[in-house]
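Okay, structure first, notes after.
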Amino acid sequence: MPVKIPIPYAPYVKTSQLISISLKPIVENLQTTPTSLPTAEPSTSQWVRALTANDFPVINTTLYAVNYVALVYVAGRNTDTTARTVYWRMIRNGTSVATGSTSVSAGNYYTVNAAFHGVVVGDVIEVRLWASATTVNWDYDTFQIHPTRISTAEALNNPCYVDFKNVIVSPILLSGTPGAQTTGAYYPYHLDLISHNPNTPFTYDLLIPKAIYRLYRIHHGDVANLNTASVQTHASYRPYYIRHYVPILISLVIYKLW
Amino acid sequence: MAEYSFILENFTENIDEFDRTVRKMIRNVKSWSYSYDTQTLIIEIEEAGERKVDELKKIVRQCL
């Protein structure tokens, strides 16, 4: 007579975690007198920043992994009566990250929306500009660092109930004549596959964060424009910028099987 | 406005020359960008209708 062994319930440990993210305040610089752009690529960049720990968001808990994206906005105007071309280059630690050019109509403003993915403390990042005529200038800059692809050690590879409890729009730029070109959603992931992209607080009964995308990705600088820039032009908006929804309070209930 | 993107393994450092050539060979280019990290070239063209990416890629290669 065979002995039947009862199948036990899958044993697990239930753990609760609350991830709180505090972005650093934006500092916008608007020059009183705009600076003309050179007509050849300069050897020194107009915008240079050596990133310090103070530039990075404060996160209340120890994360297993997080990537940081530095969003840099540099803007100016083509004051000419004819269209001109603005050239740009993004540089990280002396190496080109991306480059490009944009045609700017007569009298219009341009904004370089640059996104450096994977920055760390000590990185030196730069945005370099030049133009087809000195009648193109620049007079605005700011930056902010956002976290993306975060996970705690406990959450990675385990079933999680995830409540994106508080979601904000960031950055919100106020200097100059600002206009938001895009406000991108955030992108929660399950098994490294996208679920959907909400723009409000949202609850998921089950997400299993995996190694590549973890809990979520931000829009600008990760899902879109990863290590490149999007240059936006407008007749009156400067900066004309890409921003996104950022989860800043995430509640997790982790079911760790053993 | 139409946006086209494709992978280009090797890209030039001579941006001004590339820009002049690409704007001469492809009409109505609004902007282009190249990420050395993802090796992706994105071209925005101000016109209605669609172009074949393969043909654009062939033209861009001639500009390098």
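Residues are referred to by chain and number: the chain letter is A, B, ... according to the order shown in the structure tokens, the number counts from 1 in that chain, and ligands are numbered separately from 1 in the order shown.
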At a cut-off of 6 Å, list the chain B residues touching chain A, using only C-alpha atoms, as a list in words.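 On the chain B side, the interface is Lys30, Ser31, Trp32, Ser33, Tyr34, Ser35 and Tyr36 of chain B.
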Using N, CA and C atoms, can you write the selected residues to a file as an mmCIF file, in the first residue's frame?
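Resulting contents of result31.cif:
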data_model
loop_
_atom_site.group_PDB
_atom_site.id
_atom_site.type_symbol
_atom_site.label_atom_id
_atom_site.label_comp_id
_atom_site.auth_asym_id
_atom_site.auth_seq_id
_atom_site.Cartn_x
_atom_site.Cartn_y
_atom_site.Cartn_z
ATOM 1 N N LYS B 30 14.576 67.855 -40.306
ATOM 2 C CA LYS B 30 14.382 68.788 -39.187
ATOM 3 C C LYS B 30 15.510 68.607 -38.167
ATOM 4 N N SER B 31 15.768 67.351 -37.830
ATOM 5 C CA SER B 31 16.835 67.086 -36.869
ATOM 6 C C SER B 31 17.331 65.652 -37.015
ATOM 7 N N TRP B 32 18.494 65.406 -36.469
ATOM 8 C CA TRP B 32 18.994 64.045 -36.366
ATOM 9 C C TRP B 32 19.778 63.929 -35.067
ATOM 10 N N SER B 33 19.867 62.730 -34.565
ATOM 11 C CA SER B 33 20.690 62.491 -33.378
ATOM 12 C C SER B 33 21.302 61.107 -33.485
ATOM 13 N N TYR B 34 22.490 60.983 -32.898
ATOM 14 C CA TYR B 34 23.142 59.676 -32.879
ATOM 15 C C TYR B 34 23.630 59.395 -31.471
ATOM 16 N N SER B 35 23.251 58.251 -30.939
ATOM 17 C CA SER B 35 23.720 57.827 -29.622
ATOM 18 C C SER B 35 24.860 56.826 -29.806
ATOM 19 N N TYR B 36 26.051 57.193 -29.352
ATOM 20 C CA TYR B 36 27.193 56.270 -29.424
ATOM 21 C C TYR B 36 26.954 55.067 -28.524
#
Compile the contact shell of Ser16 (chain A) as a PyMOL selection string: residues with an atom at most 10 Å away, counting only C-alpha atoms, same-chain residues fewer than 2 positions apart removed. chain A and resi 14+18+154-155+160-161+251-255
Residue contacts of Tyr245 (chain A) (6 Å, only C-alpha atoms) excluding same-chain residues fewer than 3 positions away, as an NGL selection string: :A and (168-169 or 185-186)
Please return as a ChimeraX atom specification: the residues of chain B that backbone DSSP assigns to helix (DSSP H, G or I). /B:15-25,53-63
Restricted to C-alpha atoms, what would the selected residues look like written as a PDB file, in the first residue's frame?
ATOM      1  CA  ILE B  15      29.534  66.281 -37.143  1.00  0.00           C
ATOM      2  CA  ASP B  16      29.447  69.477 -39.235  1.00  0.00           C
ATOM      3  CA  GLU B  17      30.436  67.658 -42.422  1.00  0.00           C
ATOM      4  CA  PHE B  18      27.951  64.834 -41.794  1.00  0.00           C
ATOM      5  CA  ASP B  19      25.212  67.370 -41.096  1.00  0.00           C
ATOM      6  CA  ARG B  20      25.890  69.306 -44.302  1.00  0.00           C
ATOM      7  CA  THR B  21      25.906  66.154 -46.395  1.00  0.00           C
ATOM      8  CA  VAL B  22      22.854  64.556 -44.859  1.00  0.00           C
ATOM      9  CA  ARG B  23      20.818  67.741 -45.215  1.00  0.00           C
ATOM     10  CA  LYS B  24      21.920  68.012 -48.850  1.00  0.00           C
ATOM     11  CA  MET B  25      21.101  64.412 -49.691  1.00  0.00           C
ATOM     12  CA  VAL B  53      14.088  52.945 -43.776  1.00  0.00           C
ATOM     13  CA  ASP B  54      16.454  50.784 -45.830  1.00  0.00           C
ATOM     14  CA  GLU B  55      16.757  53.475 -48.470  1.00  0.00           C
ATOM     15  CA  LEU B  56      17.352  56.160 -45.856  1.00  0.00           C
ATOM     16  CA  LYS B  57      19.988  54.008 -44.221  1.00  0.00           C
ATOM     17  CA  LYS B  58      21.751  53.562 -47.557  1.00  0.00           C
ATOM     18  CA  ILE B  59      21.815  57.336 -48.112  1.00  0.00           C
ATOM     19  CA  VAL B  60      23.051  57.994 -44.579  1.00  0.00           C
ATOM     20  CA  ARG B  61      25.894  55.496 -45.032  1.00  0.00           C
ATOM     21  CA  GLN B  62      26.998  57.491 -48.094  1.00  0.00           C
ATOM     22  CA  CYS B  63      27.170  60.608 -45.901  1.00  0.00           C
TER      23      CYS B  63
END
Assign secondary structure with DSSP using the backbone only, and return the residues of region 37-240 of chain A in strand (DSSP E or B) as number ranges by chain. A: 47-50, 58-59, 65-78, 84-92, 95-104, 109-117, 124-131, 136-151, 160-170, 177, 179-184, 187-190, 193-194, 202-207, 216-217, 220, 224, 228-234, 238, 240
Could you take the residues named above and write them with C-alpha atoms, as a tab-separated table (two decimals), in the first residue's frame?
chain	number	residue	atom	x	y	z
A	47	TRP	CA	27.34	73.17	-19.61
A	48	VAL	CA	29.63	71.05	-17.41
A	49	ARG	CA	28.86	69.38	-14.09
A	50	ALA	CA	30.93	67.11	-11.87
A	58	VAL	CA	17.65	60.63	-1.36
A	59	ILE	CA	16.13	57.16	-1.01
A	65	ALA	CA	19.99	48.14	-7.57
A	66	VAL	CA	19.11	51.51	-9.01
A	67	ASN	CA	20.10	53.40	-12.14
A	68	TYR	CA	20.24	57.17	-12.16
A	69	VAL	CA	19.40	59.39	-15.10
A	70	ALA	CA	20.70	62.96	-15.26
A	71	LEU	CA	18.22	65.13	-17.15
A	72	VAL	CA	19.94	68.24	-18.51
A	73	TYR	CA	18.08	71.07	-20.18
A	74	VAL	CA	19.94	73.75	-22.13
A	75	ALA	CA	18.01	76.32	-24.16
A	76	GLY	CA	18.38	79.41	-26.30
A	77	ARG	CA	17.12	81.19	-29.38
A	78	ASN	CA	17.80	81.68	-33.04
A	84	ARG	CA	19.73	78.17	-38.48
A	85	THR	CA	21.13	74.84	-37.34
A	86	VAL	CA	22.05	74.08	-33.75
A	87	TYR	CA	24.57	71.29	-33.14
A	88	TRP	CA	25.01	69.52	-29.83
A	89	ARG	CA	27.14	66.88	-28.21
A	90	MET	CA	26.70	65.05	-24.90
A	91	ILE	CA	29.93	64.02	-23.17
A	92	ARG	CA	30.47	61.82	-20.12
A	95	THR	CA	33.77	60.45	-24.04
A	96	SER	CA	31.04	61.29	-26.54
A	97	VAL	CA	27.68	59.88	-25.52
A	98	ALA	CA	25.55	61.31	-28.32
A	99	THR	CA	25.47	64.07	-30.89
A	100	GLY	CA	23.07	65.64	-33.35
A	101	SER	CA	21.67	68.75	-34.97
A	102	THR	CA	18.35	70.53	-35.27
A	103	SER	CA	17.06	73.18	-37.62
A	104	VAL	CA	15.61	76.15	-35.71
A	109	TYR	CA	13.64	78.96	-29.34
A	110	TYR	CA	15.28	75.55	-28.97
A	111	THR	CA	15.74	73.32	-25.93
A	112	VAL	CA	18.21	70.46	-25.74
A	113	ASN	CA	16.59	67.77	-23.57
A	114	ALA	CA	19.62	65.60	-22.78
A	115	ALA	CA	19.42	62.42	-20.71
A	116	PHE	CA	22.54	60.71	-19.34
A	117	HIS	CA	21.60	57.18	-18.25
A	124	VAL	CA	31.63	64.67	-15.25
A	125	ILE	CA	28.84	65.29	-17.74
A	126	GLU	CA	28.77	67.98	-20.39
A	127	VAL	CA	26.47	69.44	-23.03
A	128	ARG	CA	28.27	71.24	-25.85
A	129	LEU	CA	26.59	73.53	-28.36
A	130	TRP	CA	27.51	75.29	-31.56
A	131	ALA	CA	25.50	76.70	-34.46
A	136	VAL	CA	22.00	81.68	-32.27
A	137	ASN	CA	22.45	81.99	-28.52
A	138	TRP	CA	21.89	80.10	-25.29
A	139	ASP	CA	20.68	81.53	-22.00
A	140	TYR	CA	18.99	78.80	-19.96
A	141	ASP	CA	20.10	75.65	-18.16
A	142	THR	CA	19.06	73.32	-15.39
A	143	PHE	CA	19.33	69.66	-14.44
A	144	GLN	CA	17.87	67.03	-12.14
A	145	ILE	CA	18.72	63.39	-11.43
A	146	HIS	CA	15.97	60.77	-11.39
A	147	PRO	CA	16.09	57.13	-10.26
A	148	THR	CA	14.89	54.34	-12.54
A	149	ARG	CA	14.97	50.50	-12.52
A	150	ILE	CA	14.98	50.25	-8.73
A	151	SER	CA	14.60	47.14	-6.62
A	160	CYS	CA	5.35	41.40	-4.92
A	161	TYR	CA	2.18	43.31	-4.26
A	162	VAL	CA	3.19	46.80	-5.40
A	163	ASP	CA	1.43	50.04	-4.61
A	164	PHE	CA	2.84	53.07	-6.40
A	165	LYS	CA	1.31	55.26	-3.73
A	166	ASN	CA	2.52	58.70	-4.71
A	167	VAL	CA	3.45	59.83	-8.21
A	168	ILE	CA	4.60	63.34	-9.06
A	169	VAL	CA	5.35	65.24	-12.26
A	170	SER	CA	8.98	66.25	-12.48
A	177	THR	CA	8.93	81.02	-20.82
A	179	GLY	CA	6.24	74.85	-21.76
A	180	ALA	CA	6.02	71.09	-21.27
A	181	GLN	CA	6.33	69.27	-24.61
A	182	THR	CA	5.68	65.80	-23.14
A	183	THR	CA	4.79	64.40	-19.74
A	184	GLY	CA	5.62	60.72	-20.05
A	187	TYR	CA	6.45	51.98	-16.80
A	188	PRO	CA	6.05	49.19	-14.19
A	189	TYR	CA	7.55	45.84	-15.20
A	190	HIS	CA	6.64	42.21	-14.51
A	193	LEU	CA	7.99	42.64	-19.55
A	194	ILE	CA	6.09	45.88	-19.58
A	202	PHE	CA	-1.54	52.50	-9.24
A	203	THR	CA	-1.65	49.16	-7.45
A	204	TYR	CA	-0.47	45.83	-8.81
A	205	ASP	CA	-1.51	42.55	-7.17
A	206	LEU	CA	1.52	40.82	-8.63
A	207	LEU	CA	4.78	42.06	-10.10
A	216	TYR	CA	9.71	50.35	-13.14
A	217	ARG	CA	11.35	52.61	-15.70
A	220	HIS	CA	12.59	60.41	-20.55
A	224	ALA	CA	12.80	57.15	-24.48
A	228	THR	CA	20.74	60.82	-26.13
A	229	ALA	CA	18.92	64.13	-26.46
A	230	SER	CA	15.73	65.33	-28.01
A	231	VAL	CA	15.85	68.92	-29.20
A	232	GLN	CA	12.51	70.70	-29.13
A	233	THR	CA	11.84	74.00	-30.86
A	234	HIS	CA	9.01	76.45	-30.30
A	238	ARG	CA	11.89	78.24	-23.65
A	240	TYR	CA	10.27	73.51	-24.14
Name all residues at most 8 Å from Ala211 (chain A) (count only C-alpha atoms; drop same-chain ones fewer than 5 positions away) and give them as a list of chain:residue names.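 The residues satisfying every condition are A:Leu156, A:Asn157, A:Asp192.
Note that the spacing between CA of Val223 (chain A) and CA of Gln17 (chain A) amounts to 25.8 Å.
In this comparison, which uses only C-alpha atoms, the residue of A:Ser45, A:Thr15, A:Thr61, A:Thr152 approaching Leu257 (chain A) most closely is A:Thr15.
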